[in-house]
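Engineer: Sharing target30.cif, mmCIF, C-alpha atoms:
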data_data
loop_
_atom_site.label_atom_id
_atom_site.label_comp_id
_atom_site.auth_asym_id
_atom_site.auth_seq_id
_atom_site.Cartn_x
_atom_site.Cartn_y
_atom_site.Cartn_z
CA ALA H 15 -7.10 -3.02 4.21
CA GLN H 16 -4.13 -1.85 2.25
CA SER H 17 -4.40 0.96 -0.26
CA VAL H 18 -2.13 2.03 -3.08
CA THR H 19 -1.98 5.50 -4.60
CA GLN H 20 -0.36 6.15 -7.94
CA LEU H 21 0.11 9.85 -8.47
CA GLY H 22 -0.80 10.83 -12.01
CA SER H 23 -2.95 8.74 -14.31
CA HIS H 24 -0.75 9.80 -17.24
CA VAL H 25 2.95 10.63 -17.38
CA SER H 26 4.49 11.97 -20.57
CA VAL H 27 8.25 11.99 -21.25
CA SER H 28 10.53 12.42 -24.20
CA GLU H 29 12.58 9.52 -25.49
CA GLY H 30 15.86 9.46 -23.55
CA ALA H 31 14.46 11.36 -20.57
CA LEU H 32 14.16 10.12 -17.00
CA VAL H 33 11.05 8.12 -16.16
CA LEU H 34 9.56 8.56 -12.67
CA LEU H 35 6.29 6.86 -11.73
CA ARG H 36 5.10 7.46 -8.19
CA CYS H 37 3.53 4.97 -5.81
CA ASN H 38 2.56 5.38 -2.17
CA TYR H 39 1.01 2.68 -0.04
CA SER H 40 -0.65 2.36 3.33
CA SER H 41 0.62 -0.43 5.49
CA SER H 42 1.25 -0.92 9.16
CA VAL H 43 3.67 -3.80 8.57
CA PRO H 44 6.53 -4.28 6.12
CA PRO H 45 4.80 -5.07 2.86
CA TYR H 46 5.51 -6.96 -0.31
CA LEU H 47 5.52 -4.36 -3.08
CA PHE H 48 5.37 -4.85 -6.83
CA TRP H 49 5.43 -3.02 -10.12
CA TYR H 50 3.72 -4.59 -13.12
CA VAL H 51 3.61 -3.44 -16.74
CA GLN H 52 0.69 -3.95 -19.11
CA TYR H 53 0.82 -3.46 -22.87
CA PRO H 54 -2.48 -2.82 -24.69
CA ASN H 55 -4.93 -5.72 -24.52
CA GLN H 56 -2.43 -7.95 -22.74
CA GLY H 57 -1.99 -9.34 -19.26
CA LEU H 58 0.31 -7.96 -16.58
CA GLN H 59 4.02 -8.70 -16.55
CA LEU H 60 6.06 -8.44 -13.37
CA LEU H 61 8.71 -5.69 -13.57
CA LEU H 62 10.13 -6.01 -10.08
CA LYS H 63 9.22 -6.74 -6.48
CA TYR H 64 10.38 -5.69 -3.02
CA THR H 65 10.48 -8.34 -0.32
CA SER H 66 12.71 -6.65 2.31
CA ALA H 67 16.04 -7.96 1.01
CA ALA H 68 17.24 -4.57 -0.29
CA THR H 69 15.65 -1.14 -0.49
CA LEU H 70 16.76 -0.56 -4.09
CA VAL H 71 15.24 -3.17 -6.35
CA LYS H 72 16.34 -3.71 -9.93
CA GLY H 73 13.89 -5.11 -12.43
CA ILE H 74 13.65 -5.96 -16.08
CA ASN H 75 14.05 -3.53 -18.99
CA GLY H 76 16.28 -1.17 -16.99
CA PHE H 77 13.66 -0.23 -14.40
CA GLU H 78 14.34 0.05 -10.69
CA ALA H 79 12.40 1.10 -7.62
CA GLU H 80 13.39 2.29 -4.18
CA PHE H 81 11.51 1.36 -1.02
CA LYS H 82 11.35 4.26 1.45
CA LYS H 83 9.64 3.20 4.64
CA SER H 84 9.58 6.69 6.15
CA GLU H 85 7.71 7.99 3.12
CA THR H 86 5.69 4.78 2.51
CA SER H 87 6.73 5.07 -1.11
CA PHE H 88 7.95 2.73 -3.82
CA HIS H 89 8.59 4.94 -6.86
CA LEU H 90 9.61 3.41 -10.19
CA THR H 91 12.40 4.95 -12.24
CA LYS H 92 14.33 4.42 -15.45
CA PRO H 93 17.23 6.69 -16.44
CA SER H 94 16.41 6.87 -20.13
CA ALA H 95 12.98 6.24 -21.65
CA HIS H 96 12.59 4.20 -24.79
CA MET H 97 9.62 4.21 -27.13
CA SER H 98 8.96 0.59 -26.22
CA ASP H 99 8.37 1.63 -22.58
CA ALA H 100 5.02 3.16 -23.49
CA ALA H 101 2.50 1.11 -21.51
CA GLU H 102 0.33 1.07 -18.39
CA TYR H 103 2.18 0.58 -15.12
CA PHE H 104 0.61 -0.74 -11.93
CA CYS H 105 1.93 -0.60 -8.41
CA ALA H 106 0.65 -3.27 -6.01
CA VAL H 107 1.03 -4.20 -2.35
CA SER H 108 0.36 -7.71 -1.07
CA GLU H 109 -1.33 -8.46 2.18
CA LEU H 110 -2.04 -11.73 3.92
CA ARG H 111 -5.73 -12.54 3.89
CA SER H 112 -7.67 -15.15 5.82
CA GLY H 113 -6.76 -18.62 4.67
CA GLY H 114 -3.10 -17.75 4.22
CA SER H 115 -3.18 -16.25 0.73
CA TYR H 116 -1.16 -13.21 -0.26
CA ILE H 117 -3.55 -11.06 -2.27
CA PRO H 118 -2.31 -7.90 -3.99
CA THR H 119 -4.12 -4.58 -3.91
CA PHE H 120 -3.46 -2.65 -7.09
CA GLY H 121 -3.18 1.04 -7.74
CA ARG H 122 -5.28 2.60 -10.49
CA GLY H 123 -2.38 2.56 -12.93
CA THR H 124 -0.25 5.16 -14.67
CA SER H 125 -0.11 5.38 -18.42
CA LEU H 126 3.42 6.19 -19.62
CA ILE H 127 3.55 8.11 -22.89
CA VAL H 128 6.91 8.41 -24.63
CA HIS H 129 7.39 11.12 -27.26
CA PRO H 130 10.06 10.80 -29.96
CA ASP E 18 5.88 -23.53 -22.95
CA GLY E 19 4.43 -23.09 -19.48
CA GLY E 20 1.86 -20.40 -18.99
CA ILE E 21 -1.71 -19.28 -18.54
CA THR E 22 -4.21 -19.43 -21.36
CA GLN E 23 -7.40 -17.42 -21.49
CA SER E 24 -9.93 -17.89 -24.23
CA PRO E 25 -11.40 -16.34 -26.16
CA LYS E 26 -9.51 -13.06 -26.48
CA TYR E 27 -12.72 -11.15 -27.32
CA LEU E 28 -16.22 -12.19 -26.33
CA PHE E 29 -19.57 -10.62 -27.16
CA ARG E 30 -22.84 -11.49 -25.48
CA LYS E 31 -26.34 -10.15 -25.32
CA GLU E 32 -27.62 -8.64 -22.11
CA GLY E 33 -29.26 -11.21 -19.86
CA GLN E 34 -27.13 -14.15 -21.01
CA ASN E 35 -24.69 -15.97 -18.78
CA VAL E 36 -21.19 -16.36 -20.20
CA THR E 37 -18.22 -18.46 -19.08
CA LEU E 38 -14.62 -17.31 -19.45
CA SER E 39 -11.93 -19.95 -19.64
CA CYS E 40 -8.63 -19.95 -17.71
CA GLU E 41 -6.12 -22.81 -17.98
CA GLN E 42 -2.59 -23.04 -16.56
CA ASN E 43 0.13 -25.65 -17.02
CA LEU E 44 2.46 -24.20 -14.38
CA ASN E 45 1.35 -26.70 -11.75
CA HIS E 46 0.29 -23.79 -9.55
CA ASP E 47 -2.06 -24.41 -6.64
CA ALA E 48 -3.63 -20.95 -6.45
CA MET E 49 -5.64 -19.17 -9.13
CA TYR E 50 -7.35 -15.78 -9.27
CA TRP E 51 -9.81 -13.76 -11.32
CA TYR E 52 -9.62 -9.99 -11.66
CA ARG E 53 -11.75 -7.42 -13.40
CA GLN E 54 -10.08 -4.38 -14.98
CA ASP E 55 -11.94 -1.20 -15.87
CA PRO E 56 -10.30 1.94 -17.28
CA GLY E 57 -8.74 4.05 -14.54
CA GLN E 58 -9.68 1.63 -11.77
CA GLY E 59 -6.82 -0.83 -11.65
CA LEU E 60 -7.55 -4.48 -11.00
CA ARG E 61 -10.23 -5.69 -8.61
CA LEU E 62 -10.36 -9.22 -7.25
CA ILE E 63 -13.46 -11.26 -8.10
CA TYR E 64 -12.69 -14.78 -6.79
CA TYR E 65 -9.66 -16.81 -5.84
CA SER E 66 -8.93 -20.45 -5.23
CA GLN E 67 -6.08 -21.81 -3.13
CA ILE E 68 -6.66 -25.46 -3.91
CA VAL E 69 -8.86 -27.75 -5.97
CA ASN E 70 -12.55 -27.81 -4.93
CA ASP E 71 -12.17 -24.68 -2.80
CA PHE E 72 -12.58 -20.98 -3.60
CA GLN E 73 -13.22 -17.69 -1.82
CA LYS E 74 -15.03 -14.50 -2.76
CA GLY E 75 -12.91 -11.50 -3.54
CA ASP E 76 -13.86 -7.86 -3.29
CA ILE E 77 -16.46 -7.78 -6.11
CA ALA E 78 -17.92 -11.32 -6.29
CA GLU E 79 -21.58 -10.34 -6.78
CA GLY E 80 -22.90 -11.49 -10.15
CA TYR E 81 -20.04 -13.94 -10.72
CA SER E 82 -19.48 -17.63 -10.03
CA VAL E 83 -16.49 -19.96 -10.32
CA SER E 84 -15.56 -23.61 -10.04
CA ARG E 85 -12.26 -25.39 -9.41
CA GLU E 86 -12.74 -29.02 -10.32
CA LYS E 87 -9.23 -29.42 -11.74
CA LYS E 88 -5.93 -27.92 -10.63
CA GLU E 89 -5.21 -26.46 -14.05
CA SER E 90 -8.63 -24.91 -14.71
CA PHE E 91 -10.54 -22.05 -13.05
CA PRO E 92 -13.49 -20.93 -15.22
CA LEU E 93 -15.42 -17.76 -14.40
CA THR E 94 -19.12 -17.39 -15.17
CA VAL E 95 -20.50 -13.90 -15.55
CA THR E 96 -24.18 -14.19 -14.74
CA SER E 97 -27.09 -12.03 -15.79
CA ALA E 98 -27.10 -10.65 -12.23
CA GLN E 99 -23.86 -8.75 -12.88
CA LYS E 100 -25.12 -5.24 -13.54
CA ASN E 101 -22.19 -3.97 -15.59
CA PRO E 102 -20.31 -6.95 -17.03
CA THR E 103 -18.48 -5.23 -19.88
CA ALA E 104 -14.81 -5.22 -18.85
CA PHE E 105 -11.38 -6.78 -19.34
CA TYR E 106 -11.03 -9.97 -17.27
CA LEU E 107 -7.65 -11.25 -16.14
CA CYS E 108 -6.81 -14.64 -14.71
CA ALA E 109 -3.69 -15.19 -12.62
CA SER E 110 -1.99 -18.00 -10.76
CA SER E 111 0.66 -18.41 -8.07
CA PRO E 112 2.60 -21.48 -6.93
CA ASN E 113 0.77 -21.74 -3.62
CA ARG E 114 -1.26 -19.69 -1.16
CA GLY E 115 1.87 -18.37 0.53
CA SER E 116 3.50 -17.13 -2.66
CA ASP E 117 3.73 -13.36 -2.96
CA THR E 118 3.95 -13.23 -6.77
CA GLN E 119 1.19 -13.80 -9.30
CA TYR E 120 1.52 -14.67 -12.97
CA PHE E 121 -1.09 -13.32 -15.37
CA GLY E 122 -2.84 -14.61 -18.45
CA PRO E 123 -3.42 -12.44 -21.54
CA GLY E 124 -6.99 -11.53 -20.59
CA THR E 125 -10.45 -11.71 -22.15
CA ARG E 126 -12.33 -8.60 -23.18
CA LEU E 127 -16.04 -9.14 -22.62
CA THR E 128 -18.56 -6.84 -24.25
CA VAL E 129 -22.24 -7.17 -23.38
CA LEU E 130 -24.52 -5.60 -25.95
#
Write out the structure in this file as structure tokens.

Structural biologist:
Amino acid sequence: AQSVTQLGSHVSVSEGALVLLRCNYSSSVPPYLFWYVQYPNQGLQLLLKYTSAATLVKGINGFEAEFKKSETSFHLTKPSAHMSDAAEYFCAVSELRSGGSYIPTFGRGTSLIVHP
Amino acid sequence: DGGITQSPKYLFRKEGQNVTLSCEQNLNHDAMYWYRQDPGQGLRLIYYSQIVNDFQKGDIAEGYSVSREKKESFPLTVTSAQKNPTAFYLCASSPNRGSDTQYFGPGTRLTVL
């Protein structure tokens, strides 16, 4: 089974600073990789996904992530943090399960705190 | 507007009572999923359904049951056998079993007193 590791349960940055959220996965085959964002007491919203088309993936709200196969990583970045970016971020990797369904395995999440 | 509706937003029940969480989607998606979210543990899959009248157990199905009688509806029952039912429950859907992307509802926070 796949596993996803998000390094750091909390990341704190100043407004305007670089955001870097780390994600490593275990997979023996090229995976589908995702980043989701969750605001308090809400569902998850897809930020971006990697499906082998390009290693640098651009998402919504100025976020992007780079797939590095050699490092089995898919870190999320944003050049300049905004107060509205404060949320929980989840990395996920999809694997094909019996019956033909792609089921994601989620990391434990990283809470992004943005200071004024 | 197309989307996924979960109701109610907050739900309180006494220990030992069964409770059913609602999930409805008007996206015409074939596949639907239920996840449980606990602080610091990410999302864990409870049940999923690829098509009407069919569903499969996920990673933590014990103490839960589901039905899929209609394409747009996938209710989850938390039974009295679930030892620690207090959690945030998220429903999701995807266009079909081969789709790699899921779309999430707003969630229901269940508190068992």

Engineer: Could you tell me which residues the PyMOL selection byres ((chain E) within 6 of (chain H)) returns for this structure, as an NGL selection string?

Structural biologist: :E and (57-60 or 114-115 or 117 or 121-124)

Engineer: Just to confirm, what's the straight-line distance from atom CA of Val128 of chain H to atom CA of Thr125 of chain E in Å (one decimal)?

Structural biologist: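 Distance between the two atoms: 26.7 Å.
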
Engineer: Quick one, how far is atom CA of Thr37 of chain E from atom CA of Lys87 of chain E?

Structural biologist: 16.0 Å

Engineer: For this structure, which residues satisfy the selection - the PyMOL selection byres ((chain H and resi 91) around 10) - when it is evaluated on the file as given? I want them as a PyMOL selection string.

Structural biologist: chain H and resi 32-36+72+76-80+88-90+92-95

Engineer: Enter the distance from atom CA of Cys108 of chain E to atom CA of Ser39 of chain E, in Å, rounded to one decimal.

Structural biologist: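 Straight-line distance from atom CA of Cys108 of chain E to atom CA of Ser39 of chain E works out to 8.9 Å.
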
Engineer: Let me know the residues the PyMOL selection byres ((chain E and resi 26) around 7) catches in the file above, as a PyMOL selection string.

Structural biologist: chain E and resi 23-25+27-28+124-126

Engineer: Given the point (-16.4, -23.8, -7.7) in the file's coordinates, find the residues that have an atom at most 8 Å from it, counting all atoms listed in the file, and give them as a list in words.

Structural biologist: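 Looking at atoms near the point gives Asn70, Asp71, Phe72, Ser82, Val83, Ser84, Arg85 and Glu86 of chain E.
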
Engineer: May I ask which of the residues E:Thr103, E:Gln119, E:Asn113, E:Ser66 is the closest one to Phe29 of chain E, counting all atoms listed in the file?

Structural biologist: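 Checking each of E:Thr103, E:Gln119, E:Asn113, E:Ser66 against Phe29 of chain E, counting all atoms listed in the file, the winner is E:Thr103.
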
Engineer: Can you work out which one of H:Ser40, H:Lys83, H:Glu29, H:Pro54 has the shortest atom-to-atom distance to Ala68 of chain H, counting all atoms listed in the file?

Structural biologist: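 Smallest distance to Ala68 of chain H is found for H:Lys83.
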
Engineer: Could you name the residues that touch Leu38 of chain E at 7 Å or less, counting all atoms listed in the file, but leaving out those on the same chain fewer than 4 positions away, as a VMD selection string?

Structural biologist: chain E and resid 24 92 to 94

Engineer: Check the smallest atom-to-atom distance from each of E:Thr118, E:Ile77, E:Glu41, E:Asn101 to Leu130 of chain E using only C-alpha atoms, then report the winner.

Structural biologist: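 Result for the nearest residue to Leu130 of chain E: E:Asn101.
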
Engineer: Would it be fine to have segment 27-110 of chain E, with C-alpha atoms, given as a PDB file, in the first residue's frame?

Structural biologist:
ATOM      1  CA  TYR E  27     -23.258  19.350  13.272  1.00  0.00           C
ATOM      2  CA  LEU E  28     -24.805  16.271  14.826  1.00  0.00           C
ATOM      3  CA  PHE E  29     -25.015  15.194  18.452  1.00  0.00           C
ATOM      4  CA  ARG E  30     -26.028  11.747  19.626  1.00  0.00           C
ATOM      5  CA  LYS E  31     -26.021   9.767  22.821  1.00  0.00           C
ATOM      6  CA  GLU E  32     -23.700   6.815  23.180  1.00  0.00           C
ATOM      7  CA  GLY E  33     -25.303   3.580  22.016  1.00  0.00           C
ATOM      8  CA  GLN E  34     -27.540   5.181  19.384  1.00  0.00           C
ATOM      9  CA  ASN E  35     -27.185   4.582  15.671  1.00  0.00           C
ATOM     10  CA  VAL E  36     -27.005   7.717  13.546  1.00  0.00           C
ATOM     11  CA  THR E  37     -27.222   8.233   9.777  1.00  0.00           C
ATOM     12  CA  LEU E  38     -25.260  10.923   7.943  1.00  0.00           C
ATOM     13  CA  SER E  39     -26.618  12.172   4.658  1.00  0.00           C
ATOM     14  CA  CYS E  40     -24.623  12.687   1.435  1.00  0.00           C
ATOM     15  CA  GLU E  41     -26.264  13.842  -1.803  1.00  0.00           C
ATOM     16  CA  GLN E  42     -24.617  14.844  -5.095  1.00  0.00           C
ATOM     17  CA  ASN E  43     -26.072  16.331  -8.269  1.00  0.00           C
ATOM     18  CA  LEU E  44     -22.875  15.986 -10.315  1.00  0.00           C
ATOM     19  CA  ASN E  45     -24.062  12.791 -11.993  1.00  0.00           C
ATOM     20  CA  HIS E  46     -21.005  11.024 -10.602  1.00  0.00           C
ATOM     21  CA  ASP E  47     -20.929   7.234 -10.486  1.00  0.00           C
ATOM     22  CA  ALA E  48     -18.522   6.812  -7.573  1.00  0.00           C
ATOM     23  CA  MET E  49     -18.982   8.017  -4.002  1.00  0.00           C
ATOM     24  CA  TYR E  50     -16.841   7.750  -0.882  1.00  0.00           C
ATOM     25  CA  TRP E  51     -16.960   8.246   2.877  1.00  0.00           C
ATOM     26  CA  TYR E  52     -13.961   9.362   4.916  1.00  0.00           C
ATOM     27  CA  ARG E  53     -13.377   9.921   8.583  1.00  0.00           C
ATOM     28  CA  GLN E  54     -11.074  12.746   9.695  1.00  0.00           C
ATOM     29  CA  ASP E  55      -9.489  12.933  13.138  1.00  0.00           C
ATOM     30  CA  PRO E  56      -7.034  15.629  14.242  1.00  0.00           C
ATOM     31  CA  GLY E  57      -3.505  14.863  13.072  1.00  0.00           C
ATOM     32  CA  GLN E  58      -4.510  11.682  11.255  1.00  0.00           C
ATOM     33  CA  GLY E  59      -5.520  12.841   7.810  1.00  0.00           C
ATOM     34  CA  LEU E  60      -8.453  11.185   6.087  1.00  0.00           C
ATOM     35  CA  ARG E  61      -9.214   7.480   6.359  1.00  0.00           C
ATOM     36  CA  LEU E  62     -11.513   5.664   3.964  1.00  0.00           C
ATOM     37  CA  ILE E  63     -14.616   4.043   5.473  1.00  0.00           C
ATOM     38  CA  TYR E  64     -16.627   2.804   2.460  1.00  0.00           C
ATOM     39  CA  TYR E  65     -16.848   3.508  -1.242  1.00  0.00           C
ATOM     40  CA  SER E  66     -19.303   2.771  -3.990  1.00  0.00           C
ATOM     41  CA  GLN E  67     -18.490   2.598  -7.687  1.00  0.00           C
ATOM     42  CA  ILE E  68     -22.040   2.139  -8.905  1.00  0.00           C
ATOM     43  CA  VAL E  69     -25.604   1.946  -7.648  1.00  0.00           C
ATOM     44  CA  ASN E  70     -26.396  -1.095  -5.454  1.00  0.00           C
ATOM     45  CA  ASP E  71     -22.707  -1.894  -4.969  1.00  0.00           C
ATOM     46  CA  PHE E  72     -20.185  -0.803  -2.336  1.00  0.00           C
ATOM     47  CA  GLN E  73     -16.869  -1.922  -0.863  1.00  0.00           C
ATOM     48  CA  LYS E  74     -15.293  -1.670   2.567  1.00  0.00           C
ATOM     49  CA  GLY E  75     -12.494   0.805   2.981  1.00  0.00           C
ATOM     50  CA  ASP E  76      -9.707   0.755   5.529  1.00  0.00           C
ATOM     51  CA  ILE E  77     -11.822   1.373   8.657  1.00  0.00           C
ATOM     52  CA  ALA E  78     -15.294  -0.057   7.892  1.00  0.00           C
ATOM     53  CA  GLU E  79     -15.924  -1.705  11.281  1.00  0.00           C
ATOM     54  CA  GLY E  80     -18.879  -0.127  13.068  1.00  0.00           C
ATOM     55  CA  TYR E  81     -20.210   1.562   9.926  1.00  0.00           C
ATOM     56  CA  SER E  82     -22.731   0.641   7.239  1.00  0.00           C
ATOM     57  CA  VAL E  83     -23.788   2.216   3.942  1.00  0.00           C
ATOM     58  CA  SER E  84     -26.337   1.852   1.181  1.00  0.00           C
ATOM     59  CA  ARG E  85     -26.405   3.011  -2.439  1.00  0.00           C
ATOM     60  CA  GLU E  86     -29.969   2.710  -3.655  1.00  0.00           C
ATOM     61  CA  LYS E  87     -29.797   5.850  -5.800  1.00  0.00           C
ATOM     62  CA  LYS E  88     -26.956   7.282  -7.858  1.00  0.00           C
ATOM     63  CA  GLU E  89     -27.113  10.648  -6.124  1.00  0.00           C
ATOM     64  CA  SER E  90     -27.282   9.394  -2.528  1.00  0.00           C
ATOM     65  CA  PHE E  91     -24.795   7.515  -0.317  1.00  0.00           C
ATOM     66  CA  PRO E  92     -25.869   7.627   3.355  1.00  0.00           C
ATOM     67  CA  LEU E  93     -23.535   6.451   6.110  1.00  0.00           C
ATOM     68  CA  THR E  94     -24.813   4.880   9.322  1.00  0.00           C
ATOM     69  CA  VAL E  95     -22.586   5.026  12.367  1.00  0.00           C
ATOM     70  CA  THR E  96     -23.665   2.117  14.519  1.00  0.00           C
ATOM     71  CA  SER E  97     -23.353   1.586  18.249  1.00  0.00           C
ATOM     72  CA  ALA E  98     -20.560  -0.895  17.467  1.00  0.00           C
ATOM     73  CA  GLN E  99     -18.236   1.934  16.421  1.00  0.00           C
ATOM     74  CA  LYS E 100     -16.080   2.379  19.505  1.00  0.00           C
ATOM     75  CA  ASN E 101     -15.023   5.972  18.949  1.00  0.00           C
ATOM     76  CA  PRO E 102     -17.523   7.639  16.608  1.00  0.00           C
ATOM     77  CA  THR E 103     -16.833  11.291  17.432  1.00  0.00           C
ATOM     78  CA  ALA E 104     -15.129  12.705  14.333  1.00  0.00           C
ATOM     79  CA  PHE E 105     -15.503  14.851  11.223  1.00  0.00           C
ATOM     80  CA  TYR E 106     -17.036  12.845   8.362  1.00  0.00           C
ATOM     81  CA  LEU E 107     -16.434  13.767   4.735  1.00  0.00           C
ATOM     82  CA  CYS E 108     -18.268  12.508   1.689  1.00  0.00           C
ATOM     83  CA  ALA E 109     -16.704  12.673  -1.772  1.00  0.00           C
ATOM     84  CA  SER E 110     -17.580  11.710  -5.322  1.00  0.00           C
TER      85      SER E 110
END
